[in-house]
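Okay, run-v4.cif is below, mmCIF, C-alpha atoms and all ligand atoms:
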data_data
loop_
_atom_site.group_PDB
_atom_site.id
_atom_site.type_symbol
_atom_site.label_atom_id
_atom_site.label_comp_id
_atom_site.auth_asym_id
_atom_site.auth_seq_id
_atom_site.Cartn_x
_atom_site.Cartn_y
_atom_site.Cartn_z
ATOM 1 C CA MET A 1 0.000 0.000 0.000
ATOM 2 C CA ILE A 2 1.459 3.348 -1.036
ATOM 3 C CA ILE A 3 0.580 6.256 1.230
ATOM 4 C CA ALA A 4 1.261 9.838 0.103
ATOM 5 C CA ILE A 5 1.017 13.138 1.923
ATOM 6 C CA TYR A 6 -0.028 16.429 0.341
ATOM 7 C CA PRO A 7 1.319 19.106 2.695
ATOM 8 C CA GLY A 8 0.869 22.878 2.666
ATOM 9 C CA SER A 9 -0.590 25.846 4.442
ATOM 10 C CA PHE A 10 -3.897 25.897 2.521
ATOM 11 C CA ASP A 11 -4.939 29.296 3.859
ATOM 12 C CA PRO A 12 -7.574 28.736 2.591
ATOM 13 C CA ILE A 13 -8.053 25.876 0.143
ATOM 14 C CA HIS A 14 -9.262 26.595 -3.373
ATOM 15 C CA TYR A 15 -10.316 24.439 -6.332
ATOM 16 C CA GLY A 16 -6.655 24.117 -7.477
ATOM 17 C CA HIS A 17 -5.753 22.371 -4.203
ATOM 18 C CA ILE A 18 -8.867 20.178 -4.265
ATOM 19 C CA ASP A 19 -8.101 19.149 -7.852
ATOM 20 C CA ILE A 20 -4.548 18.084 -6.923
ATOM 21 C CA ALA A 21 -5.729 16.214 -3.799
ATOM 22 C CA LYS A 22 -8.378 14.269 -5.714
ATOM 23 C CA ARG A 23 -6.094 13.440 -8.635
ATOM 24 C CA ALA A 24 -3.311 12.309 -6.286
ATOM 25 C CA ALA A 25 -5.846 10.126 -4.464
ATOM 26 C CA ARG A 26 -6.458 8.301 -7.753
ATOM 27 C CA ILE A 27 -2.738 7.494 -8.043
ATOM 28 C CA PHE A 28 -1.989 6.397 -4.463
ATOM 29 C CA ASP A 29 -3.788 3.979 -2.167
ATOM 30 C CA LYS A 30 -4.189 6.594 0.519
ATOM 31 C CA LEU A 31 -3.621 10.348 0.537
ATOM 32 C CA ILE A 32 -3.069 12.298 3.724
ATOM 33 C CA TRP A 33 -3.933 15.920 3.028
ATOM 34 C CA ALA A 34 -1.988 17.745 5.697
ATOM 35 C CA VAL A 35 -2.055 21.277 7.064
ATOM 36 C CA TYR A 36 1.116 22.689 8.478
ATOM 37 C CA ASP A 37 0.106 23.780 11.990
ATOM 38 C CA ARG A 38 2.583 26.439 12.975
ATOM 39 C CA PRO A 39 1.723 29.835 14.424
ATOM 40 C CA HIS A 40 2.134 32.285 11.589
ATOM 41 C CA LYS A 41 1.030 35.867 11.890
ATOM 42 C CA ASN A 42 0.028 36.170 8.235
ATOM 43 C CA LEU A 43 -2.475 33.326 8.255
ATOM 44 C CA MET A 44 -6.114 34.279 7.760
ATOM 45 C CA PHE A 45 -7.689 31.064 9.069
ATOM 46 C CA THR A 46 -6.935 28.931 12.118
ATOM 47 C CA THR A 47 -5.709 25.377 11.698
ATOM 48 C CA GLU A 48 -9.151 24.063 12.745
ATOM 49 C CA GLU A 49 -10.898 26.243 10.186
ATOM 50 C CA ARG A 50 -8.528 25.133 7.414
ATOM 51 C CA LEU A 51 -8.992 21.476 8.388
ATOM 52 C CA SER A 52 -12.759 21.893 8.350
ATOM 53 C CA PHE A 53 -12.720 23.353 4.794
ATOM 54 C CA MET A 54 -10.545 20.452 3.635
ATOM 55 C CA ARG A 55 -12.761 17.828 5.253
ATOM 56 C CA GLN A 56 -15.825 19.270 3.562
ATOM 57 C CA ALA A 57 -14.017 19.291 0.196
ATOM 58 C CA VAL A 58 -13.119 15.600 0.273
ATOM 59 C CA GLN A 59 -15.982 14.032 2.189
ATOM 60 C CA ASP A 60 -16.809 12.025 -0.967
ATOM 61 C CA ALA A 61 -13.219 10.697 -1.293
ATOM 62 C CA PRO A 62 -12.834 7.667 1.020
ATOM 63 C CA ASN A 63 -9.045 7.319 0.614
ATOM 64 C CA ILE A 64 -8.258 10.938 1.598
ATOM 65 C CA GLU A 65 -7.604 11.683 5.255
ATOM 66 C CA VAL A 66 -7.202 15.249 6.506
ATOM 67 C CA MET A 67 -4.668 15.932 9.268
ATOM 68 C CA ALA A 68 -2.575 18.689 10.844
ATOM 69 C CA TYR A 69 1.114 18.417 11.701
ATOM 70 C CA ASP A 70 3.691 20.657 13.339
ATOM 71 C CA SER A 71 6.945 18.780 12.778
ATOM 72 C CA LEU A 72 9.408 18.623 9.920
ATOM 73 C CA THR A 73 7.354 17.534 6.872
ATOM 74 C CA VAL A 74 9.522 14.469 6.133
ATOM 75 C CA GLU A 75 9.244 13.441 9.794
ATOM 76 C CA PHE A 76 5.476 13.682 9.560
ATOM 77 C CA ALA A 77 5.562 11.586 6.361
ATOM 78 C CA ARG A 78 7.512 8.871 8.183
ATOM 79 C CA GLN A 79 5.173 8.976 11.187
ATOM 80 C CA VAL A 80 2.155 8.242 8.991
ATOM 81 C CA GLY A 81 3.980 5.642 6.910
ATOM 82 C CA ALA A 82 4.096 7.744 3.730
ATOM 83 C CA ARG A 83 6.790 7.249 1.108
ATOM 84 C CA VAL A 84 5.618 10.026 -1.188
ATOM 85 C CA MET A 85 5.116 13.756 -0.858
ATOM 86 C CA VAL A 86 2.757 15.320 -3.432
ATOM 87 C CA ARG A 87 3.124 18.908 -4.617
ATOM 88 C CA GLY A 88 1.148 20.820 -7.209
ATOM 89 C CA LEU A 89 2.690 22.744 -10.099
ATOM 90 C CA ARG A 90 0.906 25.739 -11.617
ATOM 91 C CA VAL A 91 3.429 27.759 -13.533
ATOM 92 C CA THR A 92 7.079 27.323 -14.462
ATOM 93 C CA PHE A 93 8.434 29.261 -11.489
ATOM 94 C CA ASP A 94 6.633 26.823 -9.145
ATOM 95 C CA PHE A 95 9.040 24.234 -10.534
ATOM 96 C CA ASP A 96 12.123 26.119 -9.285
ATOM 97 C CA VAL A 97 10.729 26.323 -5.759
ATOM 98 C CA GLU A 98 9.481 22.735 -5.703
ATOM 99 C CA TYR A 99 12.747 21.421 -7.144
ATOM 100 C CA GLN A 100 14.775 23.148 -4.442
ATOM 101 C CA THR A 101 12.358 22.016 -1.707
ATOM 102 C CA ALA A 102 12.413 18.434 -3.020
ATOM 103 C CA LEU A 103 16.226 18.384 -2.946
ATOM 104 C CA ALA A 104 16.269 19.833 0.579
ATOM 105 C CA ASN A 105 13.764 17.208 1.697
ATOM 106 C CA ARG A 106 15.744 14.417 0.056
ATOM 107 C CA ASN A 107 18.783 15.657 1.893
ATOM 108 C CA GLN A 108 16.810 15.184 5.129
ATOM 109 C CA ALA A 109 15.176 11.889 4.157
ATOM 110 C CA GLU A 110 16.423 9.735 1.243
ATOM 111 C CA ASP A 111 13.418 7.435 1.573
ATOM 112 C CA ILE A 112 10.717 10.032 0.868
ATOM 113 C CA GLU A 113 10.056 10.789 -2.807
ATOM 114 C CA THR A 114 8.482 14.040 -4.061
ATOM 115 C CA VAL A 115 5.912 13.663 -6.843
ATOM 116 C CA CYS A 116 4.651 16.795 -8.622
ATOM 117 C CA VAL A 117 1.205 16.834 -10.176
ATOM 118 C CA PHE A 118 0.371 19.439 -12.823
ATOM 119 C CA THR A 119 -2.604 21.679 -12.214
ATOM 120 C CA SER A 120 -5.637 21.741 -14.479
ATOM 121 C CA SER A 121 -5.144 24.769 -16.739
ATOM 122 C CA LYS A 122 -8.309 26.443 -15.440
ATOM 123 C CA TYR A 123 -6.693 26.714 -11.985
ATOM 124 C CA ALA A 124 -3.197 27.695 -13.128
ATOM 125 C CA PHE A 125 -3.636 31.307 -12.000
ATOM 126 C CA VAL A 126 -5.242 30.491 -8.647
ATOM 127 C CA SER A 127 -3.285 30.764 -5.418
ATOM 128 C CA SER A 128 -4.412 31.392 -1.851
ATOM 129 C CA SER A 129 -2.687 34.781 -1.815
ATOM 130 C CA ILE A 130 -4.227 35.942 -5.123
ATOM 131 C CA LEU A 131 -7.580 34.739 -3.852
ATOM 132 C CA LYS A 132 -7.280 36.770 -0.646
ATOM 133 C CA GLU A 133 -6.091 39.859 -2.513
ATOM 134 C CA LEU A 134 -8.970 39.622 -4.993
ATOM 135 C CA ALA A 135 -11.500 39.124 -2.217
ATOM 136 C CA ASP A 136 -10.055 41.999 -0.201
ATOM 137 C CA ALA A 137 -10.481 44.276 -3.207
ATOM 138 C CA GLY A 138 -14.064 43.072 -3.757
ATOM 139 C CA GLY A 139 -13.260 40.882 -6.788
ATOM 140 C CA ARG A 140 -15.196 37.800 -7.948
ATOM 141 C CA ILE A 141 -13.879 34.540 -6.468
ATOM 142 C CA THR A 142 -16.849 32.227 -6.980
ATOM 143 C CA GLU A 143 -15.087 30.132 -9.642
ATOM 144 C CA MET A 144 -12.028 29.610 -7.424
ATOM 145 C CA VAL A 145 -13.372 28.309 -4.109
ATOM 146 C CA PRO A 146 -16.232 26.183 -2.766
ATOM 147 C CA PRO A 147 -19.188 28.237 -1.458
ATOM 148 C CA TYR A 148 -18.357 27.533 2.227
ATOM 149 C CA VAL A 149 -14.819 28.920 1.757
ATOM 150 C CA GLU A 150 -16.143 31.946 -0.097
ATOM 151 C CA SER A 151 -18.594 32.843 2.662
ATOM 152 C CA ALA A 152 -15.936 32.282 5.356
ATOM 153 C CA LEU A 153 -13.576 34.579 3.441
ATOM 154 C CA TRP A 154 -16.130 37.394 3.169
ATOM 155 C CA LYS A 155 -16.926 37.033 6.869
ATOM 156 C CA ARG A 156 -13.259 37.114 7.914
ATOM 157 C CA LEU A 157 -12.512 40.083 5.660
ATOM 158 C CA ALA A 158 -15.461 41.968 7.154
ATOM 159 C CA GLN A 159 -14.097 41.251 10.678
ATOM 160 C CA LEU A 160 -10.616 42.374 9.636
ATOM 161 C CA GLY A 161 -12.121 45.502 8.065
ATOM 162 C CA GLU A 162 -13.849 46.331 11.343
ATOM 163 C CA ASP A 163 -10.582 45.795 13.238
ATOM 164 C CA ARG A 164 -8.707 48.034 10.814
ATOM 165 C CA GLY A 165 -11.444 50.656 11.183
ATOM 166 C CA ASP A 166 -11.153 50.520 14.980
ATOM 167 C CA LYS A 167 -7.405 51.008 14.817
ATOM 168 C CA ILE A 168 -7.709 54.035 12.562
ATOM 169 C CA LYS A 169 -10.303 55.519 14.906
ATOM 170 C CA GLN A 170 -8.032 54.979 17.945
ATOM 171 C CA VAL A 171 -5.081 56.640 16.257
ATOM 172 C CA THR A 172 -7.218 59.610 15.273
ATOM 173 C CA LEU A 173 -8.524 59.998 18.835
ATOM 174 C CA GLN A 174 -5.048 59.789 20.363
ATOM 175 C CA GLU A 175 -3.793 62.385 17.955
HETATM 176 P P1 LIG A 201 2.486 26.694 0.310
HETATM 177 O O1 LIG A 201 2.491 25.296 0.826
HETATM 178 O O2 LIG A 201 3.618 26.961 -0.626
HETATM 179 O O3 LIG A 201 2.268 27.745 1.347
HETATM 180 P P2 LIG A 201 -0.116 26.223 -0.510
HETATM 181 O O4 LIG A 201 -0.382 25.695 0.836
HETATM 182 O O5 LIG A 201 -1.103 27.218 -1.039
HETATM 183 O O6 LIG A 201 1.267 26.858 -0.631
HETATM 184 O O7 LIG A 201 0.009 25.076 -1.580
HETATM 185 C C1 LIG A 201 0.262 23.729 -1.268
HETATM 186 C C2 LIG A 201 0.536 22.993 -2.544
HETATM 187 O O8 LIG A 201 -0.524 23.199 -3.472
HETATM 188 C C3 LIG A 201 1.802 23.447 -3.276
HETATM 189 O O9 LIG A 201 2.401 22.307 -3.852
HETATM 190 C C4 LIG A 201 1.299 24.342 -4.360
HETATM 191 O O10 LIG A 201 2.149 24.407 -5.479
HETATM 192 C C5 LIG A 201 0.007 23.630 -4.703
HETATM 193 N N1 LIG A 201 -0.940 24.531 -5.347
HETATM 194 C C6 LIG A 201 -1.330 25.742 -4.950
HETATM 195 N N2 LIG A 201 -2.195 26.290 -5.826
HETATM 196 C C7 LIG A 201 -2.366 25.391 -6.823
HETATM 197 C C8 LIG A 201 -3.105 25.364 -8.053
HETATM 198 N N3 LIG A 201 -3.863 26.396 -8.428
HETATM 199 N N4 LIG A 201 -3.026 24.266 -8.826
HETATM 200 C C9 LIG A 201 -2.234 23.234 -8.437
HETATM 201 N N5 LIG A 201 -1.496 23.195 -7.321
HETATM 202 C C10 LIG A 201 -1.555 24.257 -6.515
#
Would you give me this structure, written as structure tokens?
Ligand code: ADP
Amino acid sequence: MIIAIYPGSFDPIHYGHIDIAKRAARIFDKLIWAVYDRPHKNLMFTTEERLSFMRQAVQDAPNIEVMAYDSLTVEFARQVGARVMVRGLRVTFDFDVEYQTALANRNQAEDIETVCVFTSSKYAFVSSSILKELADAGGRITEMVPPYVESALWKRLAQLGEDRGDKIKQVTLQE
């Protein structure tokens, strides 16, 4: 049985991620879709929120398990018995980053192989950061994320907007 992990920050997931997870699950016996659980000040969603989006996205895929991890990625792979690490490629410059990361990981663990899966062309321009920027500027994101992620994004952005508004008010009052 070949187990693979698909690690990342997934803040939040979009259809490009879901596409890679489901296609990888057709190649391997079991796919562990894993969120890197490390405190990071630039993250928009908590680990629990990100896990919940992922679980909803793959509830119809019996060989995909969603998990969080906070160790070295190759260590996590070993812990869950995975021999393969899946990464998605969108554009050519993704290759440079993934190539370097794969070599660094191989340097840490000879026994874990990185396998890159090419994105579907319709998702080649989608990334979590572009998604958040578009949403923040009021752009249309419906084609990029499942409805539950879209509504969570609007809600979070509204909260952040209120926070930003409060801060501006405080500064003005102090001045
Ligand atoms: P990172 O792990 O670099 O912070 P993400 O968590 O967003 O980035 O992405 C995790 C994995 O998903 C990476 O391998 C990334 O290349 C891949 N990925 C991101 N967006 C897409 C997409 N639109 N199509 C295919 N793969 C993607």
- [ ] Select, from A:Ala68, A:Ala158, A:Ala82, A:Val126, the residue with the minimum atom-to-atom distance to ligand LIG 201 (chain A), counting all atoms listed in the file.
- [x] A:Val126
Task: Option closest in space to Tyr148 of chain A, from A:Pro39, A:Pro62, A:Pro12, A:Pro7 [counting all atoms listed in the file] - done: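 So, comparing all the options, the nearest one is A:Pro12.
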- [ ] Identify which of the residues A:Gly161, A:Gly88, A:Gly81, A:Gly138 lies closest to ligand LIG 201 (chain A), counting only C-alpha atoms and all ligand atoms when measuring atom-to-atom distances.
- [x]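 For ligand LIG 201 (chain A), the nearest of the given residues is A:Gly88.
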I'd like the box whose edges run along x, y and z of the file and which contains every listed atom of segment 80-89 of chain A, padded by 4 Å per side; could you state its centre and edge lengths in Å, one decimal, as lines of an AutoDock Vina configuration file?
center_x = 4.0
center_y = 14.2
center_z = -0.6
size_x = 13.6
size_y = 25.1
size_z = 27.1
TODO: Kindly compile the residues surrounding ligand LIG 201 (chain A) within 6 Å, counting all atoms listed in the file, and format them as an NGL selection string.
DONE: :A and (8-10 or 16-17 or 20 or 87-90 or 119 or 123-124 or 126-128)
